[in-house]
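Coordinates from my_file.pdb are shown below (PDB, C-alpha atoms).
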```
MODEL        1
ATOM      1  CA  GLN A   1     -17.548  27.598   7.258  1.00  0.00           C
ATOM      2  CA  VAL A   2     -14.679  25.595   5.770  1.00  0.00           C
ATOM      3  CA  GLN A   3     -15.563  24.583   2.253  1.00  0.00           C
ATOM      4  CA  LEU A   4     -14.511  24.356  -1.393  1.00  0.00           C
ATOM      5  CA  LEU A   5     -16.710  25.333  -4.294  1.00  0.00           C
ATOM      6  CA  GLU A   6     -15.803  24.430  -7.874  1.00  0.00           C
ATOM      7  CA  SER A   7     -17.171  26.225 -10.910  1.00  0.00           C
ATOM      8  CA  GLY A   8     -16.563  26.725 -14.607  1.00  0.00           C
ATOM      9  CA  GLY A   9     -17.232  23.262 -15.975  1.00  0.00           C
ATOM     10  CA  ASP A  10     -18.619  23.159 -19.491  1.00  0.00           C
ATOM     11  CA  SER A  11     -18.902  21.210 -22.724  1.00  0.00           C
ATOM     12  CA  VAL A  12     -16.086  21.896 -25.177  1.00  0.00           C
ATOM     13  CA  GLN A  13     -14.852  20.460 -28.443  1.00  0.00           C
ATOM     14  CA  PRO A  14     -11.652  18.437 -28.707  1.00  0.00           C
ATOM     15  CA  GLY A  15      -8.667  20.752 -28.922  1.00  0.00           C
ATOM     16  CA  GLY A  16     -10.470  23.424 -26.961  1.00  0.00           C
ATOM     17  CA  ALA A  17      -9.567  25.106 -23.694  1.00  0.00           C
ATOM     18  CA  LEU A  18     -11.299  25.682 -20.396  1.00  0.00           C
ATOM     19  CA  THR A  19     -10.403  27.066 -16.974  1.00  0.00           C
ATOM     20  CA  ILE A  20     -12.161  25.796 -13.885  1.00  0.00           C
ATOM     21  CA  SER A  21     -12.056  27.391 -10.441  1.00  0.00           C
ATOM     22  CA  CYS A  22     -12.191  26.309  -6.834  1.00  0.00           C
ATOM     23  CA  ALA A  23     -13.072  28.978  -4.277  1.00  0.00           C
ATOM     24  CA  ALA A  24     -11.959  28.254  -0.731  1.00  0.00           C
ATOM     25  CA  THR A  25     -13.610  29.661   2.387  1.00  0.00           C
ATOM     26  CA  GLY A  26     -12.739  29.265   6.052  1.00  0.00           C
ATOM     27  CA  PHE A  27      -9.025  28.661   5.511  1.00  0.00           C
ATOM     28  CA  THR A  28      -6.098  30.008   3.495  1.00  0.00           C
ATOM     29  CA  LEU A  29      -5.119  28.081   0.366  1.00  0.00           C
ATOM     30  CA  TYR A  30      -1.476  28.967   0.738  1.00  0.00           C
ATOM     31  CA  ASP A  31      -1.244  27.069   4.027  1.00  0.00           C
ATOM     32  CA  ARG A  32      -2.130  23.741   2.429  1.00  0.00           C
ATOM     33  CA  CYS A  33      -1.452  21.284  -0.372  1.00  0.00           C
ATOM     34  CA  MET A  34      -4.326  21.602  -2.829  1.00  0.00           C
ATOM     35  CA  GLY A  35      -5.154  18.985  -5.407  1.00  0.00           C
ATOM     36  CA  TRP A  36      -7.261  18.595  -8.508  1.00  0.00           C
ATOM     37  CA  PHE A  37      -8.855  15.224  -9.145  1.00  0.00           C
ATOM     38  CA  ARG A  38     -11.189  13.933 -11.824  1.00  0.00           C
ATOM     39  CA  GLN A  39     -13.523  11.003 -12.169  1.00  0.00           C
ATOM     40  CA  ALA A  40     -14.681   9.681 -15.516  1.00  0.00           C
ATOM     41  CA  PRO A  41     -18.058   7.969 -15.775  1.00  0.00           C
ATOM     42  CA  GLY A  42     -17.685   4.506 -14.300  1.00  0.00           C
ATOM     43  CA  GLY A  43     -14.074   5.175 -13.364  1.00  0.00           C
ATOM     44  CA  GLN A  44     -12.059   5.806 -10.245  1.00  0.00           C
ATOM     45  CA  ARG A  45     -11.043   9.221  -8.993  1.00  0.00           C
ATOM     46  CA  GLU A  46      -7.669  10.214 -10.444  1.00  0.00           C
ATOM     47  CA  GLY A  47      -5.259  12.799  -9.066  1.00  0.00           C
ATOM     48  CA  ILE A  48      -4.130  15.058 -11.905  1.00  0.00           C
ATOM     49  CA  ALA A  49      -2.447  18.105 -10.371  1.00  0.00           C
ATOM     50  CA  ASN A  50      -1.426  19.585  -7.048  1.00  0.00           C
ATOM     51  CA  ILE A  51       0.179  22.726  -5.730  1.00  0.00           C
ATOM     52  CA  ALA A  52       1.529  24.182  -2.503  1.00  0.00           C
ATOM     53  CA  TYR A  53       3.059  27.535  -1.708  1.00  0.00           C
ATOM     54  CA  GLY A  54       6.751  27.615  -2.471  1.00  0.00           C
ATOM     55  CA  GLN A  55       6.710  24.365  -4.444  1.00  0.00           C
ATOM     56  CA  ASN A  56       6.556  23.574  -8.134  1.00  0.00           C
ATOM     57  CA  PRO A  57       3.192  22.220  -9.210  1.00  0.00           C
ATOM     58  CA  ARG A  58       3.006  18.497  -9.958  1.00  0.00           C
ATOM     59  CA  TYR A  59       1.037  16.906 -12.789  1.00  0.00           C
ATOM     60  CA  ALA A  60      -0.055  13.449 -13.780  1.00  0.00           C
ATOM     61  CA  LYS A  61       1.450  12.268 -17.063  1.00  0.00           C
ATOM     62  CA  SER A  62      -1.992  12.238 -18.638  1.00  0.00           C
ATOM     63  CA  VAL A  63      -2.261  16.037 -18.357  1.00  0.00           C
ATOM     64  CA  GLU A  64       1.340  17.268 -18.159  1.00  0.00           C
ATOM     65  CA  GLY A  65       2.048  19.927 -20.753  1.00  0.00           C
ATOM     66  CA  ARG A  66      -1.652  20.641 -21.305  1.00  0.00           C
ATOM     67  CA  PHE A  67      -2.966  21.595 -17.847  1.00  0.00           C
ATOM     68  CA  THR A  68      -1.729  24.309 -15.492  1.00  0.00           C
ATOM     69  CA  VAL A  69      -2.666  24.637 -11.829  1.00  0.00           C
ATOM     70  CA  SER A  70      -2.415  28.003 -10.091  1.00  0.00           C
ATOM     71  CA  GLU A  71      -3.620  29.937  -7.055  1.00  0.00           C
ATOM     72  CA  ASP A  72      -4.785  33.519  -6.530  1.00  0.00           C
ATOM     73  CA  SER A  73      -4.088  34.519  -2.938  1.00  0.00           C
ATOM     74  CA  ALA A  74      -6.205  37.649  -3.108  1.00  0.00           C
ATOM     75  CA  LYS A  75      -9.253  35.640  -4.147  1.00  0.00           C
ATOM     76  CA  ASN A  76      -8.262  32.521  -2.166  1.00  0.00           C
ATOM     77  CA  THR A  77      -9.079  30.561  -5.295  1.00  0.00           C
ATOM     78  CA  LEU A  78      -7.465  27.605  -7.033  1.00  0.00           C
ATOM     79  CA  TYR A  79      -7.544  27.300 -10.817  1.00  0.00           C
ATOM     80  CA  LEU A  80      -6.988  24.608 -13.392  1.00  0.00           C
ATOM     81  CA  GLN A  81      -6.318  25.848 -16.903  1.00  0.00           C
ATOM     82  CA  MET A  82      -6.877  23.080 -19.439  1.00  0.00           C
ATOM     83  CA  ASN A  83      -5.647  23.306 -23.019  1.00  0.00           C
ATOM     84  CA  ASN A  84      -5.822  20.940 -25.976  1.00  0.00           C
ATOM     85  CA  LEU A  85      -8.647  19.038 -24.337  1.00  0.00           C
ATOM     86  CA  LYS A  86      -9.286  15.466 -25.386  1.00  0.00           C
ATOM     87  CA  PRO A  87     -12.410  13.298 -25.093  1.00  0.00           C
ATOM     88  CA  GLU A  88     -10.630  11.261 -22.413  1.00  0.00           C
ATOM     89  CA  ASP A  89     -10.509  14.407 -20.256  1.00  0.00           C
ATOM     90  CA  THR A  90     -14.267  14.134 -19.806  1.00  0.00           C
ATOM     91  CA  GLY A  91     -15.332  13.738 -16.207  1.00  0.00           C
ATOM     92  CA  MET A  92     -16.276  15.360 -12.929  1.00  0.00           C
ATOM     93  CA  TYR A  93     -13.481  17.555 -11.648  1.00  0.00           C
ATOM     94  CA  PHE A  94     -12.920  18.046  -7.920  1.00  0.00           C
ATOM     95  CA  CYS A  95     -10.606  20.191  -5.863  1.00  0.00           C
ATOM     96  CA  ALA A  96      -9.449  18.993  -2.473  1.00  0.00           C
ATOM     97  CA  ARG A  97      -7.435  20.052   0.567  1.00  0.00           C
ATOM     98  CA  ASP A  98      -4.853  17.793   2.194  1.00  0.00           C
ATOM     99  CA  LYS A  99      -5.354  16.147   5.577  1.00  0.00           C
ATOM    100  CA  TYR A 100      -2.100  17.442   7.009  1.00  0.00           C
ATOM    101  CA  ALA A 101      -0.596  20.870   6.441  1.00  0.00           C
ATOM    102  CA  GLY A 102       3.016  20.945   5.277  1.00  0.00           C
ATOM    103  CA  GLY A 103       3.189  21.062   1.509  1.00  0.00           C
ATOM    104  CA  CYS A 104       2.666  18.532  -1.253  1.00  0.00           C
ATOM    105  CA  GLY A 105       4.635  15.330  -1.665  1.00  0.00           C
ATOM    106  CA  THR A 106       4.512  12.417  -4.062  1.00  0.00           C
ATOM    107  CA  TRP A 107       1.492  11.241  -2.064  1.00  0.00           C
ATOM    108  CA  ALA A 108      -0.518  14.201  -3.355  1.00  0.00           C
ATOM    109  CA  PHE A 109      -2.026  12.217  -6.228  1.00  0.00           C
ATOM    110  CA  GLN A 110      -3.756   9.855  -3.756  1.00  0.00           C
ATOM    111  CA  ASP A 111      -7.304  10.890  -2.911  1.00  0.00           C
ATOM    112  CA  TYR A 112      -7.201   9.315   0.580  1.00  0.00           C
ATOM    113  CA  MET A 113      -4.633  11.948   1.588  1.00  0.00           C
ATOM    114  CA  PHE A 114      -7.273  14.677   1.189  1.00  0.00           C
ATOM    115  CA  ASN A 115     -10.236  15.169   3.485  1.00  0.00           C
ATOM    116  CA  LEU A 116     -11.964  18.338   2.303  1.00  0.00           C
ATOM    117  CA  TRP A 117     -13.673  18.146  -1.091  1.00  0.00           C
ATOM    118  CA  GLY A 118     -15.796  20.333  -3.262  1.00  0.00           C
ATOM    119  CA  GLN A 119     -18.953  19.127  -4.951  1.00  0.00           C
ATOM    120  CA  GLY A 120     -17.326  18.915  -8.373  1.00  0.00           C
ATOM    121  CA  THR A 121     -17.812  20.550 -11.744  1.00  0.00           C
ATOM    122  CA  GLN A 122     -18.510  18.631 -14.962  1.00  0.00           C
ATOM    123  CA  VAL A 123     -16.203  18.870 -17.961  1.00  0.00           C
ATOM    124  CA  THR A 124     -17.322  17.222 -21.179  1.00  0.00           C
ATOM    125  CA  VAL A 125     -15.107  17.061 -24.260  1.00  0.00           C
ATOM    126  CA  SER A 126     -16.996  15.987 -27.335  1.00  0.00           C
ATOM    127  CA  SER A 127     -17.449  16.935 -30.963  1.00  0.00           C
TER
ENDMDL
END
```
Take the structure from the file and write it as structure tokens.
Amino acid sequence: QVQLLESGGDSVQPGGALTISCAATGFTLYDRCMGWFRQAPGGQREGIANIAYGQNPRYAKSVEGRFTVSEDSAKNTLYLQMNNLKPEDTGMYFCARDKYAGGCGTWAFQDYMFNLWGQGTQVTVSS
């Protein structure tokens, strides 16, 4: 079965760190552009990071320098390491697979370019 399953969401204090995971089954991560998105309460889904094999990861300005996206081929799992978390980072975090194989482009921050989604994992940053 082709699916994505996120895990690792938690409640953390401002300035804290957290790593969330996205386990892929039914396909190989390295063959696709994989993205991380988040959605704040009442807000729209925002693309924050993406990665493809052989390419440098891309980050939204809101998270650049604080978040790191990576992949583990042996585990077929995508990760998002988040440091110096801020209250505005609160939201549901989703991983997604692109519609068309061939690496990530500047389009990879647009959610309509992805058609396989996980169920999400909640990250709450609050003191």
Query raised in the report: Pick the closest to Gln44 of chain A from A:Asp111, A:Glu6, A:Glu88, A:Asp31: which is it, counting only C-alpha atoms?
Result: A:Asp111
Report task. List, as a PyMOL selection string, every residue that the PyMOL selection byres ((chain A and resi 40) around 10) selects in the file provided. Result -> chain A and resi 38-39+41-46+88-93+122-124
Requested in this report: Measure the distance from atom CA of Pro87 of chain A to atom CA of Thr121 of chain A in Å and round it to one decimal.
Outcome: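 Interatomic distance here is 16.1 Å.
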Report task. Run the PyMOL selection byres ((chain A and resi 33) around 7) mentally over the shown coordinates, then write out the matched residues as a list in words, using the chain letters and numbers from the document. Result ->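 Taken over the shown coordinates, the PyMOL selection byres ((chain A and resi 33) around 7) returns Arg32, Met34, Gly35, Asn50, Ile51, Ala52, Arg97, Asp98, Ala101, Gly103 and Cys104 of chain A.
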Query raised in the report: Can you tell me, as a ChimeraX atom specification, what residues are no more than 12 Å from Val63 of chain A when counting all atoms listed in the file, ignoring any on the same chain fewer than 2 positions away?
Result: /A:36-38,46-50,58-61,65-69,80-86,88-89
Keeping only C-alpha atoms, write those residues as a JSON list (two decimals), keeping the file's coordinate frame.
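Listing of result.json after writing:
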```
[["chain", "number", "residue", "atom", "x", "y", "z"],
["A", 36, "TRP", "CA", -7.26, 18.60, -8.51],
["A", 37, "PHE", "CA", -8.86, 15.22, -9.14],
["A", 38, "ARG", "CA", -11.19, 13.93, -11.82],
["A", 46, "GLU", "CA", -7.67, 10.21, -10.44],
["A", 47, "GLY", "CA", -5.26, 12.80, -9.07],
["A", 48, "ILE", "CA", -4.13, 15.06, -11.90],
["A", 49, "ALA", "CA", -2.45, 18.10, -10.37],
["A", 50, "ASN", "CA", -1.43, 19.58, -7.05],
["A", 58, "ARG", "CA", 3.01, 18.50, -9.96],
["A", 59, "TYR", "CA", 1.04, 16.91, -12.79],
["A", 60, "ALA", "CA", -0.06, 13.45, -13.78],
["A", 61, "LYS", "CA", 1.45, 12.27, -17.06],
["A", 65, "GLY", "CA", 2.05, 19.93, -20.75],
["A", 66, "ARG", "CA", -1.65, 20.64, -21.30],
["A", 67, "PHE", "CA", -2.97, 21.60, -17.85],
["A", 68, "THR", "CA", -1.73, 24.31, -15.49],
["A", 69, "VAL", "CA", -2.67, 24.64, -11.83],
["A", 80, "LEU", "CA", -6.99, 24.61, -13.39],
["A", 81, "GLN", "CA", -6.32, 25.85, -16.90],
["A", 82, "MET", "CA", -6.88, 23.08, -19.44],
["A", 83, "ASN", "CA", -5.65, 23.31, -23.02],
["A", 84, "ASN", "CA", -5.82, 20.94, -25.98],
["A", 85, "LEU", "CA", -8.65, 19.04, -24.34],
["A", 86, "LYS", "CA", -9.29, 15.47, -25.39],
["A", 88, "GLU", "CA", -10.63, 11.26, -22.41],
["A", 89, "ASP", "CA", -10.51, 14.41, -20.26]]
```
Query raised in the report: Leaving out Lys99 of chain A and any residue of its chain fewer than 3 positions from it, which residues lie within 6 Å of it when counting all atoms listed in the file, given as a ChimeraX atom specification?
Result: /A:113-115
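Among the candidates A:Gln3, A:Ser70, A:Ser62, A:Ser126, the one nearest to Thr19 of chain A when counting all atoms listed in the file is A:Ser70.
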Query raised in the report: Counting all atoms listed in the file, which residues come within 8 Å of (-10.9, 29.4, -7.5), with the point read in the file's coordinates, and could you list them as a ChimeraX atom specification?
Result: /A:5-7,20-24,71-72,75-79
Query raised in the report: By how many Å are atom CA of Ser11 of chain A and atom CA of Asn56 of chain A apart?
Result: 29.4 Å
Requested in this report: Would you please work out which residue, of A:Gly54, A:Glu64, A:Gly16, A:Ser73, is nearest to Thr28 of chain A when using only C-alpha atoms?
Outcome: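 Among A:Gly54, A:Glu64, A:Gly16, A:Ser73, it is A:Ser73 that comes nearest to Thr28 of chain A.
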Requested in this report: With the file shown as input, list the residues that the PyMOL selection byres ((chain A and resi 1) around 10) selects, as a list in words.
Outcome: Val2, Gln3, Leu4, Ala24, Thr25, Gly26 and Phe27 of chain A
Centre, edges in Å (one decimal): axis-aligned box, segment 110-122 of chain A, 5 Å padding on all six sides, as lines of an AutoDock Vina configuration file:
```
center_x = -11.4
center_y = 14.9
center_z = -5.7
size_x = 25.2
size_y = 21.2
size_z = 28.4
```
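Comparing A:Leu18, A:Gly120, A:Pro57, A:Phe94 by their smallest distance to Ala108 of chain A, the closest is A:Pro57 (using only C-alpha atoms).
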Requested in this report: Take atom CA of Phe109 of chain A and atom CA of Gln13 of chain A and report the distance between them in Å, one decimal.
Outcome: 26.9 Å
Report task. Determine the nearest neighbour of Ala74 of chain A from the options A:Gly9, A:Tyr30, A:Gln119, A:Gly15, counting all atoms listed in the file. Result ->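 Using all atoms listed in the file, the shortest distance to Ala74 of chain A belongs to A:Tyr30.
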